[in-house]
file run-v2.cif (mmCIF, C-alpha atoms)
data_final
loop_
_atom_site.label_atom_id
_atom_site.label_comp_id
_atom_site.auth_asym_id
_atom_site.auth_seq_id
_atom_site.Cartn_x
_atom_site.Cartn_y
_atom_site.Cartn_z
CA MET A 1 15.11 -31.83 -19.89
CA TYR A 2 17.14 -33.01 -22.88
CA ARG A 3 20.61 -34.42 -23.40
CA ARG A 4 23.13 -31.62 -23.39
CA GLY A 5 25.79 -31.01 -26.01
CA ALA A 6 27.39 -28.46 -28.30
CA ARG A 7 25.63 -26.53 -31.04
CA TRP A 8 26.33 -27.87 -34.51
CA ASN A 9 29.38 -26.76 -36.45
CA SER A 10 31.13 -28.20 -39.48
CA ARG A 11 33.86 -29.85 -37.39
CA ASN A 12 31.51 -32.08 -35.39
CA MET A 13 31.42 -35.83 -35.93
CA SER A 14 28.81 -37.52 -38.08
CA VAL A 15 26.02 -39.15 -36.07
CA ILE A 16 24.09 -40.41 -39.13
CA GLU A 17 25.86 -41.85 -42.18
CA VAL A 18 24.00 -42.91 -45.31
CA SER A 19 26.04 -44.19 -48.25
CA GLY A 20 24.81 -45.54 -51.58
CA LEU A 21 21.37 -46.35 -50.18
CA ARG A 22 19.09 -48.23 -52.59
CA LYS A 23 15.57 -49.56 -52.17
CA SER A 24 13.20 -50.88 -54.85
CA TYR A 25 9.59 -52.01 -54.87
CA GLY A 26 8.23 -54.13 -57.71
CA GLY A 27 11.35 -53.53 -59.75
CA ARG A 28 11.10 -49.72 -59.42
CA ALA A 29 13.91 -47.91 -57.63
CA VAL A 30 12.36 -45.68 -54.96
CA VAL A 31 15.73 -44.78 -53.44
CA ASP A 32 18.57 -44.85 -55.94
CA GLY A 33 22.02 -44.26 -54.47
CA VAL A 34 21.25 -41.71 -51.75
CA SER A 35 24.25 -40.58 -49.69
CA PHE A 36 24.55 -37.96 -46.95
CA THR A 37 25.87 -37.46 -43.43
CA VAL A 38 24.25 -35.68 -40.50
CA GLU A 39 26.59 -34.05 -38.01
CA GLU A 40 26.25 -34.18 -34.25
CA GLY A 41 23.99 -31.38 -33.02
CA GLU A 42 22.72 -30.08 -36.36
CA ILE A 43 19.22 -29.81 -37.76
CA PHE A 44 19.37 -31.61 -41.09
CA GLY A 45 16.43 -31.29 -43.44
CA ILE A 46 15.17 -33.64 -46.14
CA LEU A 47 12.96 -32.03 -48.76
CA GLY A 48 11.43 -33.43 -51.90
CA PRO A 49 8.22 -33.84 -53.91
CA ASN A 50 5.69 -36.52 -53.03
CA GLY A 51 7.03 -39.93 -54.01
CA ALA A 52 10.63 -38.69 -54.17
CA GLY A 53 11.91 -41.33 -51.72
CA LYS A 54 12.12 -39.19 -48.57
CA THR A 55 10.05 -41.42 -46.30
CA THR A 56 11.68 -44.65 -47.49
CA THR A 57 15.12 -43.11 -46.85
CA VAL A 58 14.16 -42.09 -43.31
CA GLU A 59 12.55 -45.47 -42.60
CA CYS A 60 15.87 -47.12 -43.52
CA VAL A 61 17.63 -44.76 -41.10
CA GLN A 62 15.19 -45.81 -38.38
CA GLY A 63 15.61 -49.52 -39.13
CA LEU A 64 11.98 -49.89 -40.22
CA ARG A 65 13.00 -51.01 -43.71
CA VAL A 66 15.95 -53.06 -44.92
CA PRO A 67 17.95 -51.45 -47.75
CA ASP A 68 18.59 -53.46 -50.91
CA ALA A 69 22.08 -51.98 -51.01
CA GLY A 70 24.17 -49.34 -49.30
CA ARG A 71 25.18 -48.59 -45.74
CA VAL A 72 23.31 -46.82 -42.92
CA ARG A 73 24.72 -46.04 -39.49
CA VAL A 74 23.23 -44.14 -36.55
CA ALA A 75 25.78 -43.33 -33.86
CA GLY A 76 27.88 -46.14 -35.35
CA LEU A 77 25.02 -48.65 -35.13
CA ASP A 78 23.28 -50.55 -37.92
CA PRO A 79 19.66 -49.50 -37.31
CA PHE A 80 18.29 -52.84 -38.58
CA THR A 81 20.63 -55.43 -37.05
CA ASP A 82 21.19 -53.28 -33.92
CA HIS A 83 17.61 -52.06 -33.74
CA GLU A 84 17.22 -52.25 -29.95
CA ALA A 85 20.43 -50.35 -29.31
CA THR A 86 19.53 -47.79 -31.99
CA SER A 87 16.13 -47.19 -30.37
CA ARG A 88 17.94 -46.02 -27.23
CA VAL A 89 19.66 -43.18 -29.10
CA LEU A 90 17.03 -42.37 -31.75
CA GLY A 91 13.52 -41.05 -31.16
CA ALA A 92 10.96 -40.65 -33.91
CA GLN A 93 7.75 -38.79 -34.63
CA LEU A 94 6.23 -40.48 -37.67
CA GLN A 95 4.03 -38.86 -40.28
CA GLN A 96 1.25 -41.37 -39.61
CA SER A 97 0.87 -42.89 -36.14
CA GLU A 98 -1.97 -44.09 -33.95
CA LEU A 99 -2.57 -44.98 -30.31
CA GLN A 100 -5.49 -46.71 -28.65
CA ALA A 101 -8.47 -44.34 -28.63
CA LYS A 102 -9.07 -44.58 -24.86
CA LEU A 103 -5.42 -44.15 -23.86
CA THR A 104 -5.12 -40.73 -22.21
CA VAL A 105 -2.32 -38.30 -22.87
CA ARG A 106 -0.97 -38.85 -19.34
CA GLU A 107 -1.06 -42.64 -19.76
CA ALA A 108 0.73 -42.43 -23.09
CA LEU A 109 3.48 -40.22 -21.67
CA GLU A 110 3.92 -42.43 -18.58
CA LEU A 111 3.90 -45.60 -20.71
CA TYR A 112 6.58 -44.35 -23.10
CA ALA A 113 8.68 -42.98 -20.22
CA ALA A 114 8.68 -46.50 -18.73
CA PHE A 115 10.39 -47.84 -21.86
CA TYR A 116 13.63 -45.93 -21.15
CA PRO A 117 16.21 -46.17 -18.36
CA ASP A 118 16.68 -42.39 -18.16
CA PRO A 119 13.56 -40.70 -19.58
CA ALA A 120 12.92 -36.98 -19.72
CA ASP A 121 10.46 -35.52 -17.22
CA TRP A 122 7.30 -35.56 -19.33
CA ARG A 123 5.54 -32.83 -17.30
CA PRO A 124 7.53 -29.80 -18.59
CA LEU A 125 7.57 -31.43 -22.02
CA ALA A 126 3.75 -31.63 -21.98
CA GLU A 127 3.53 -28.03 -20.82
CA ARG A 128 5.93 -26.84 -23.53
CA LEU A 129 3.78 -28.55 -26.16
CA GLY A 130 0.49 -27.25 -24.80
CA LEU A 131 -0.76 -30.64 -23.61
CA THR A 132 -1.11 -30.01 -19.86
CA ASP A 133 -4.85 -29.34 -20.04
CA ARG A 134 -5.33 -32.50 -22.13
CA LEU A 135 -3.61 -34.97 -19.82
CA GLY A 136 -6.88 -36.71 -18.95
CA THR A 137 -8.18 -36.73 -22.54
CA GLY A 138 -8.29 -39.95 -24.52
CA PHE A 139 -6.26 -40.10 -27.71
CA GLY A 140 -9.39 -40.59 -29.80
CA LYS A 141 -10.80 -37.25 -28.63
CA LEU A 142 -7.71 -35.18 -29.45
CA SER A 143 -7.67 -32.86 -32.44
CA GLY A 144 -5.24 -33.55 -35.25
CA GLY A 145 -2.86 -30.87 -33.99
CA GLN A 146 -3.01 -32.19 -30.42
CA LYS A 147 -2.19 -35.70 -31.63
CA GLN A 148 0.77 -34.32 -33.55
CA ARG A 149 2.08 -32.53 -30.46
CA LEU A 150 1.69 -35.69 -28.40
CA PHE A 151 3.76 -37.69 -30.89
CA ILE A 152 6.49 -35.06 -30.75
CA ALA A 153 6.52 -35.42 -26.95
CA LEU A 154 6.72 -39.22 -27.23
CA ALA A 155 9.64 -38.90 -29.66
CA LEU A 156 11.55 -36.81 -27.11
CA ILE A 157 10.67 -38.61 -23.91
CA GLY A 158 13.56 -41.08 -24.14
CA ASN A 159 16.17 -38.28 -24.10
CA PRO A 160 17.35 -39.30 -27.57
CA ARG A 161 20.67 -38.36 -29.08
CA VAL A 162 18.95 -38.13 -32.47
CA VAL A 163 15.29 -37.39 -33.20
CA VAL A 164 13.50 -37.92 -36.53
CA LEU A 165 10.59 -35.56 -37.16
CA ASP A 166 8.43 -36.28 -40.21
CA GLU A 167 6.07 -33.42 -41.16
CA LEU A 168 6.06 -32.31 -37.53
CA THR A 169 3.82 -29.24 -37.93
CA THR A 170 1.13 -30.82 -40.12
CA GLY A 171 -2.29 -29.84 -38.75
CA LEU A 172 -0.97 -27.14 -36.42
CA ASP A 173 -2.28 -23.58 -36.49
CA PRO A 174 0.24 -20.76 -37.16
CA ARG A 175 0.85 -20.00 -33.46
CA ALA A 176 1.30 -23.67 -32.54
CA ARG A 177 3.57 -24.12 -35.56
CA ARG A 178 5.88 -21.32 -34.45
CA ASP A 179 5.85 -22.57 -30.86
CA THR A 180 6.89 -25.98 -32.16
CA TRP A 181 9.71 -24.44 -34.19
CA GLU A 182 10.98 -22.75 -31.03
CA LEU A 183 10.83 -26.10 -29.25
CA ILE A 184 12.94 -27.74 -31.99
CA GLU A 185 15.49 -24.93 -31.70
CA ASP A 186 15.56 -25.49 -27.92
CA ILE A 187 16.10 -29.22 -28.49
CA ARG A 188 19.04 -28.58 -30.79
CA ALA A 189 20.49 -26.05 -28.34
CA GLN A 190 20.71 -28.94 -25.87
CA GLY A 191 22.78 -30.98 -28.33
CA VAL A 192 20.10 -33.24 -29.82
CA THR A 193 20.57 -33.92 -33.52
CA VAL A 194 17.38 -33.41 -35.56
CA LEU A 195 16.57 -35.12 -38.86
CA LEU A 196 13.62 -33.13 -40.21
CA VAL A 197 11.45 -34.28 -43.12
CA SER A 198 9.21 -31.48 -44.33
CA HIS A 199 7.13 -30.06 -47.15
CA SER A 200 7.27 -26.60 -45.59
CA MET A 201 9.96 -24.44 -47.18
CA GLU A 202 9.47 -21.77 -44.52
CA GLU A 203 10.02 -24.37 -41.81
CA ALA A 204 13.15 -25.77 -43.45
CA GLN A 205 14.60 -22.33 -44.18
CA ARG A 206 14.15 -21.25 -40.57
CA LEU A 207 15.30 -24.41 -38.80
CA CYS A 208 17.79 -26.34 -40.91
CA ASP A 209 21.57 -26.01 -40.91
CA ARG A 210 21.76 -28.09 -44.10
CA ILE A 211 19.21 -29.60 -46.46
CA ALA A 212 19.24 -32.57 -48.82
CA VAL A 213 16.78 -32.17 -51.68
CA ILE A 214 15.73 -35.65 -52.82
CA ASP A 215 14.01 -36.06 -56.16
CA GLN A 216 13.28 -39.26 -58.10
CA GLY A 217 15.15 -41.28 -55.48
CA ARG A 218 18.39 -39.30 -55.72
CA VAL A 219 19.98 -36.36 -53.95
CA ALA A 220 19.45 -33.43 -56.30
CA ALA A 221 21.32 -31.00 -54.03
CA LEU A 222 22.83 -30.81 -50.56
CA ASP A 223 23.70 -27.44 -49.07
CA THR A 224 22.78 -24.85 -46.48
CA PRO A 225 19.45 -23.06 -47.07
CA ALA A 226 21.37 -19.96 -48.16
CA GLY A 227 23.53 -22.05 -50.47
CA LEU A 228 20.49 -23.63 -52.11
CA ILE A 229 18.90 -20.21 -52.58
CA ARG A 230 22.07 -18.89 -54.23
CA ARG A 231 21.71 -21.71 -56.78
CA SER A 232 18.29 -20.40 -57.79
CA THR A 233 18.19 -19.06 -61.34
CA GLY A 234 16.70 -15.85 -59.95
CA SER A 235 18.26 -15.01 -56.61
CA THR A 236 16.56 -11.58 -56.52
CA VAL A 237 12.94 -10.75 -57.36
CA ILE A 238 11.74 -7.27 -58.38
CA SER A 239 8.06 -6.47 -58.90
CA PHE A 240 6.26 -3.24 -59.78
CA THR A 241 3.35 -1.72 -61.68
CA PRO A 242 4.72 0.61 -64.40
CA SER A 243 3.04 3.95 -65.05
CA ALA A 244 3.34 3.24 -68.80
CA PRO A 245 3.94 0.09 -70.87
CA LEU A 246 7.47 -1.26 -71.15
CA ASP A 247 8.82 -2.77 -74.34
CA GLU A 248 9.08 -6.57 -74.09
CA GLY A 249 12.34 -6.51 -76.00
CA ASP A 250 13.88 -4.13 -73.46
CA LEU A 251 12.79 -6.42 -70.63
CA ALA A 252 14.12 -9.54 -72.36
CA ALA A 253 17.49 -7.83 -72.85
CA LEU A 254 17.99 -7.16 -69.12
CA PRO A 255 21.24 -8.73 -67.85
CA ALA A 256 21.08 -11.94 -65.75
CA LEU A 257 17.31 -12.09 -66.23
CA ALA A 258 15.86 -15.47 -65.24
CA SER A 259 12.14 -14.90 -65.82
CA VAL A 260 9.45 -12.31 -66.54
CA ALA A 261 5.81 -12.56 -65.45
CA HIS A 262 2.84 -10.26 -66.07
CA LYS A 263 -0.33 -10.25 -63.97
CA ASP A 264 -3.00 -7.55 -63.69
CA GLY A 265 -0.64 -4.92 -65.05
CA ARG A 266 2.11 -5.83 -62.59
CA ILE A 267 5.53 -7.03 -63.76
CA THR A 268 7.64 -9.50 -61.75
CA LEU A 269 11.24 -10.14 -62.76
CA SER A 270 13.69 -12.61 -61.26
CA GLY A 271 17.41 -12.28 -61.73
CA THR A 272 20.28 -10.80 -59.76
CA ASP A 273 21.26 -7.43 -58.31
CA GLU A 274 22.56 -6.61 -61.79
CA THR A 275 19.03 -7.14 -63.14
CA VAL A 276 17.60 -4.80 -60.51
CA ASN A 277 20.07 -2.03 -61.34
CA ALA A 278 19.39 -2.44 -65.06
CA VAL A 279 15.60 -2.28 -64.75
CA LEU A 280 15.81 0.85 -62.58
CA THR A 281 18.01 2.46 -65.24
CA LEU A 282 15.53 1.39 -67.92
CA LEU A 283 12.63 2.96 -66.01
CA ALA A 284 14.54 6.20 -65.47
CA ARG A 285 15.53 6.41 -69.15
CA HIS A 286 11.90 6.14 -70.26
CA ARG A 287 10.65 8.29 -67.37
CA ILE A 288 8.36 5.53 -66.17
CA THR A 289 7.37 5.40 -62.51
CA ALA A 290 7.43 2.02 -60.74
CA HIS A 291 4.41 1.94 -58.45
CA GLN A 292 4.47 -0.39 -55.42
CA LEU A 293 8.06 -1.35 -56.14
CA ARG A 294 9.24 -4.42 -54.23
CA VAL A 295 12.72 -5.98 -54.28
CA THR A 296 13.12 -9.25 -52.37
CA ASP A 297 15.55 -12.13 -52.17
CA ALA A 298 14.58 -15.46 -53.65
CA THR A 299 13.27 -18.03 -51.17
CA LEU A 300 13.82 -21.70 -50.57
CA ASP A 301 10.59 -22.26 -52.51
CA ASP A 302 12.26 -20.79 -55.60
CA ALA A 303 15.37 -22.91 -55.16
CA PHE A 304 13.31 -26.06 -54.56
CA LEU A 305 11.28 -25.54 -57.74
CA ASP A 306 14.44 -24.93 -59.76
CA LEU A 307 16.13 -28.05 -58.43
CA THR A 308 13.21 -30.43 -58.79
CA GLU A 309 12.15 -29.12 -62.19
CA ALA A 310 15.72 -29.49 -63.42
CA ALA A 311 15.71 -33.13 -62.35
CA VAL A 312 12.57 -34.00 -64.35
#
call {"tool": "encode", "arguments": {"input": "run-v2.cif", "output": "structure tokens"}}
result
Amino acid sequence: MYRRGARWNSRNMSVIEVSGLRKSYGGRAVVDGVSFTVEEGEIFGILGPNGAGKTTTVECVQGLRVPDAGRVRVAGLDPFTDHEATSRVLGAQLQQSELQAKLTVREALELYAAFYPDPADWRPLAERLGLTDRLGTGFGKLSGGQKQRLFIALALIGNPRVVVLDELTTGLDPRARRDTWELIEDIRAQGVTVLLVSHSMEEAQRLCDRIAVIDQGRVAALDTPAGLIRRSTGSTVISFTPSAPLDEGDLAALPALASVAHKDGRITLSGTDETVNAVLTLLARHRITAHQLRVTDATLDDAFLDLTEAAV
């Protein structure tokens, strides 16, 4: 169904190279020196706030925009000057796309398959994406989620070596979202490199091997999801409702404490394992019971907020 290859590891060759990328509009730098590489067979995520430069960066990778400065290569090709050759190895599902309203799902799949010398069989692809019962439906009558799934199918139909997915699960219900995540994992298992642009931290944490966090046109951090989470000021979160009030000075003195929050009598602390051990000791010393005690690891959401707030 898809091009076969090895699962990503750190020794694979780079299939996307971005170096010193710059792009300005009206004298304002939207992308300001972005650099990263994407290795063959990995799922590489790009995260960032709205207006951070994510979409412009990806459009330069696709050859849709010309950089003001810097170098971009996809499988060794310049995506702008070698656009036709690049289109044979790179498929894309864009955040905003449209087709003719009367074009049916079947017609769209057959049309796009005709563009490639060795297309994927669109039938199992349509079935995997839940489009089989919509093959005779015109594009204009599809729901937002169905349109999104169709564009994912069209991005994959050329058997690409690299696929760019921009907000791929927008508009999908929870079940369809998880089905789509499984599809992306299947795609990568067949050796296709995935460049994933997302606002969903859960999606990025589950799927991505590495993530570049872009903020204000620059790469604020580049690491594995676990590595980004370890950078969070509070890598562990403990929350509980105390059976009696706790002294604020005692809480503030806890080791490695990153933050304290109070809501409806419940206390939430972020810090490290050392913080957890210290607060449990504090509770025992004052003979205070911690009701509904929860200890969890920080998430990619926490790391993202730390990184982007630090860049402001």
call {"tool": "atom_distance", "arguments": {"input": "run-v2.cif", "atom1": "atom CA of Gly53 of chain A", "atom2": "atom CA of Gly27 of chain A"}}
result
14.6 Å
call {"tool": "closest_residue", "arguments": {"input": "run-v2.cif", "among": "A:Ala284, A:Ile229, A:Ala256, A:Ala244", "to": "Ala298 of chain A", "atoms": "all atoms listed in the file"}}
result
A:Ile229
call {"tool": "closest_residue", "arguments": {"input": "run-v2.cif", "among": "A:Arg210, A:His262, A:His286, A:Lys23", "to": "Pro67 of chain A", "atoms": "only C-alpha atoms"}}
result
A:Lys23
call {"tool": "atom_distance", "arguments": {"input": "run-v2.cif", "atom1": "atom CA of His291 of chain A", "atom2": "atom CA of Pro245 of chain A"}}
result
12.6 Å
call {"tool": "residues_around", "arguments": {"input": "run-v2.cif", "residues": "Phe44 of chain A", "least_positions_apart": "2", "cutoff": "9 Å", "atoms": "only C-alpha atoms", "output": "number ranges by chain"}}
result
A: 38-39, 42, 46, 193-197, 204, 207-212
call {"tool": "closest_residue", "arguments": {"input": "run-v2.cif", "among": "A:Met13, A:Ala278, A:Ile267, A:Leu150", "to": "Leu131 of chain A", "atoms": "all atoms listed in the file"}}
result
A:Leu150
call {"tool": "atom_distance", "arguments": {"input": "run-v2.cif", "atom1": "atom CA of Leu156 of chain A", "atom2": "atom CA of Gly48 of chain A"}}
result
25.0 Å
call {"tool": "resolve_selection", "arguments": {"input": "run-v2.cif", "expression": "the PyMOL selection byres ((chain A and resi 177-184) around 9)", "output": "list in words"}}
result
Ile43, Arg128, Leu129, Arg149, Leu168, Thr169, Thr170, Gly171, Leu172, Asp173, Pro174, Arg175, Ala176, Glu185, Asp186, Ile187, Arg188, Ala189, Val194, Glu203, Arg206 and Leu207 of chain A
call {"tool": "resolve_selection", "arguments": {"input": "run-v2.cif", "expression": "the PyMOL selection byres ((chain A and resi 117-122) around 12)", "output": "PyMOL selection string"}}
result
chain A and resi 1-3+88-89+91+105-116+123-129+131-132+135+150+152-160
call {"tool": "resolve_selection", "arguments": {"input": "run-v2.cif", "expression": "the PyMOL selection byres ((chain A and resi 215) around 7)", "output": "list of chain:residue names"}}
result
A:Gly48, A:Pro49, A:Ala52, A:Val213, A:Ile214, A:Gln216, A:Gly217, A:Arg218, A:Val219, A:Ala220, A:Thr308
call {"tool": "residues_near_point", "arguments": {"input": "run-v2.cif", "point": "(19.0, -49.4, -37.4)", "cutoff": "9 Å", "atoms": "only C-alpha atoms", "output": "list of chain:residue names"}}
result
A:Cys60, A:Val61, A:Gln62, A:Gly63, A:Leu64, A:Arg65, A:Val66, A:Val72, A:Arg73, A:Val74, A:Leu77, A:Asp78, A:Pro79, A:Phe80, A:Thr81, A:Asp82, A:His83, A:Glu84, A:Ala85, A:Thr86, A:Ser87
call {"tool": "residues_around", "arguments": {"input": "run-v2.cif", "residues": "Ser19 of chain A", "least_positions_apart": "2", "cutoff": "7 Å", "atoms": "all atoms listed in the file", "output": "NGL selection string"}}
result
:A and (17 or 21 or 34-36 or 70-72)
call {"tool": "closest_residue", "arguments": {"input": "run-v2.cif", "among": "A:Leu246, A:Leu254, A:Ala221, A:Leu300", "to": "Ile288 of chain A", "atoms": "all atoms listed in the file"}}
result
A:Leu246
call {"tool": "closest_residue", "arguments": {"input": "run-v2.cif", "among": "A:Ile16, A:Glu40, A:Glu167, A:Asp306", "to": "Gly145 of chain A", "atoms": "all atoms listed in the file"}}
result
A:Glu167
call {"tool": "residues_around", "arguments": {"input": "run-v2.cif", "residues": "Thr281 of chain A", "least_positions_apart": "4", "cutoff": "12 Å", "atoms": "only C-alpha atoms", "output": "ChimeraX atom specification"}}
result
/A:250-251,254-255,274-277,285-290
call {"tool": "write_last_selection", "arguments": {"input": "run-v2.cif", "atoms": "C-alpha atoms", "output": "mmCIF file, in the coordinates of the input"}}
result
data_model
loop_
_atom_site.group_PDB
_atom_site.id
_atom_site.type_symbol
_atom_site.label_atom_id
_atom_site.label_comp_id
_atom_site.auth_asym_id
_atom_site.auth_seq_id
_atom_site.Cartn_x
_atom_site.Cartn_y
_atom_site.Cartn_z
ATOM 1 C CA ASP A 250 13.880 -4.130 -73.460
ATOM 2 C CA LEU A 251 12.790 -6.420 -70.630
ATOM 3 C CA LEU A 254 17.990 -7.160 -69.120
ATOM 4 C CA PRO A 255 21.240 -8.730 -67.850
ATOM 5 C CA GLU A 274 22.560 -6.610 -61.790
ATOM 6 C CA THR A 275 19.030 -7.140 -63.140
ATOM 7 C CA VAL A 276 17.600 -4.800 -60.510
ATOM 8 C CA ASN A 277 20.070 -2.030 -61.340
ATOM 9 C CA ARG A 285 15.530 6.410 -69.150
ATOM 10 C CA HIS A 286 11.900 6.140 -70.260
ATOM 11 C CA ARG A 287 10.650 8.290 -67.370
ATOM 12 C CA ILE A 288 8.360 5.530 -66.170
ATOM 13 C CA THR A 289 7.370 5.400 -62.510
ATOM 14 C CA ALA A 290 7.430 2.020 -60.740
#
call {"tool": "build_atoms", "arguments": {"input": "run-v2.cif", "residues": "segment 250-273 of chain A", "atoms": "N, CA and C atoms", "output": "mmCIF file, in the coordinates of the input"}}
result
data_model
loop_
_atom_site.group_PDB
_atom_site.id
_atom_site.type_symbol
_atom_site.label_atom_id
_atom_site.label_comp_id
_atom_site.auth_asym_id
_atom_site.auth_seq_id
_atom_site.Cartn_x
_atom_site.Cartn_y
_atom_site.Cartn_z
ATOM 1 N N ASP A 250 13.003 -4.744 -74.464
ATOM 2 C CA ASP A 250 13.880 -4.130 -73.460
ATOM 3 C C ASP A 250 13.947 -5.001 -72.205
ATOM 4 N N LEU A 251 12.802 -5.559 -71.806
ATOM 5 C CA LEU A 251 12.790 -6.420 -70.630
ATOM 6 C C LEU A 251 13.601 -7.694 -70.876
ATOM 7 N N ALA A 252 13.416 -8.296 -72.041
ATOM 8 C CA ALA A 252 14.120 -9.540 -72.360
ATOM 9 C C ALA A 252 15.625 -9.339 -72.422
ATOM 10 N N ALA A 253 16.051 -8.104 -72.710
ATOM 11 C CA ALA A 253 17.490 -7.830 -72.850
ATOM 12 C C ALA A 253 18.160 -7.498 -71.511
ATOM 13 N N LEU A 254 17.397 -7.476 -70.426
ATOM 14 C CA LEU A 254 17.990 -7.160 -69.120
ATOM 15 C C LEU A 254 19.051 -8.193 -68.746
ATOM 16 N N PRO A 255 20.177 -7.779 -68.197
ATOM 17 C CA PRO A 255 21.240 -8.730 -67.850
ATOM 18 C C PRO A 255 20.848 -9.653 -66.704
ATOM 19 N N ALA A 256 21.293 -10.912 -66.800
ATOM 20 C CA ALA A 256 21.080 -11.940 -65.750
ATOM 21 C C ALA A 256 19.609 -12.197 -65.467
ATOM 22 N N LEU A 257 18.742 -11.873 -66.418
ATOM 23 C CA LEU A 257 17.310 -12.090 -66.230
ATOM 24 C C LEU A 257 16.993 -13.581 -66.276
ATOM 25 N N ALA A 258 16.244 -14.062 -65.276
ATOM 26 C CA ALA A 258 15.860 -15.470 -65.240
ATOM 27 C C ALA A 258 14.434 -15.682 -65.725
ATOM 28 N N SER A 259 13.521 -14.745 -65.391
ATOM 29 C CA SER A 259 12.140 -14.900 -65.820
ATOM 30 C C SER A 259 11.415 -13.568 -65.749
ATOM 31 N N VAL A 260 10.331 -13.477 -66.541
ATOM 32 C CA VAL A 260 9.450 -12.310 -66.540
ATOM 33 C C VAL A 260 8.020 -12.817 -66.436
ATOM 34 N N ALA A 261 7.218 -12.184 -65.583
ATOM 35 C CA ALA A 261 5.810 -12.560 -65.450
ATOM 36 C C ALA A 261 4.960 -11.304 -65.410
ATOM 37 N N HIS A 262 3.789 -11.369 -66.061
ATOM 38 C CA HIS A 262 2.840 -10.260 -66.070
ATOM 39 C C HIS A 262 1.533 -10.721 -65.452
ATOM 40 N N LYS A 263 0.975 -9.919 -64.546
ATOM 41 C CA LYS A 263 -0.330 -10.250 -63.970
ATOM 42 C C LYS A 263 -1.010 -8.975 -63.509
ATOM 43 N N ASP A 264 -2.193 -8.717 -64.071
ATOM 44 C CA ASP A 264 -3.000 -7.550 -63.690
ATOM 45 C C ASP A 264 -2.208 -6.255 -63.767
ATOM 46 N N GLY A 265 -1.412 -6.132 -64.828
ATOM 47 C CA GLY A 265 -0.640 -4.920 -65.050
ATOM 48 C C GLY A 265 0.648 -4.835 -64.254
ATOM 49 N N ARG A 266 0.901 -5.824 -63.412
ATOM 50 C CA ARG A 266 2.110 -5.830 -62.590
ATOM 51 C C ARG A 266 3.172 -6.726 -63.229
ATOM 52 N N ILE A 267 4.406 -6.299 -63.183
ATOM 53 C CA ILE A 267 5.530 -7.030 -63.760
ATOM 54 C C ILE A 267 6.388 -7.592 -62.634
ATOM 55 N N THR A 268 6.738 -8.868 -62.717
ATOM 56 C CA THR A 268 7.640 -9.500 -61.750
ATOM 57 C C THR A 268 8.815 -10.095 -62.499
ATOM 58 N N LEU A 269 10.006 -9.675 -62.138
ATOM 59 C CA LEU A 269 11.240 -10.140 -62.760
ATOM 60 C C LEU A 269 12.085 -10.871 -61.737
ATOM 61 N N SER A 270 12.717 -11.950 -62.137
ATOM 62 C CA SER A 270 13.690 -12.610 -61.260
ATOM 63 C C SER A 270 15.036 -12.619 -61.951
ATOM 64 N N GLY A 271 16.058 -12.358 -61.187
ATOM 65 C CA GLY A 271 17.410 -12.280 -61.730
ATOM 66 C C GLY A 271 18.423 -12.094 -60.627
ATOM 67 N N THR A 272 19.262 -11.094 -60.760
ATOM 68 C CA THR A 272 20.280 -10.800 -59.760
ATOM 69 C C THR A 272 20.248 -9.305 -59.445
ATOM 70 N N ASP A 273 21.162 -8.866 -58.592
ATOM 71 C CA ASP A 273 21.260 -7.430 -58.310
ATOM 72 C C ASP A 273 21.541 -6.643 -59.590
#
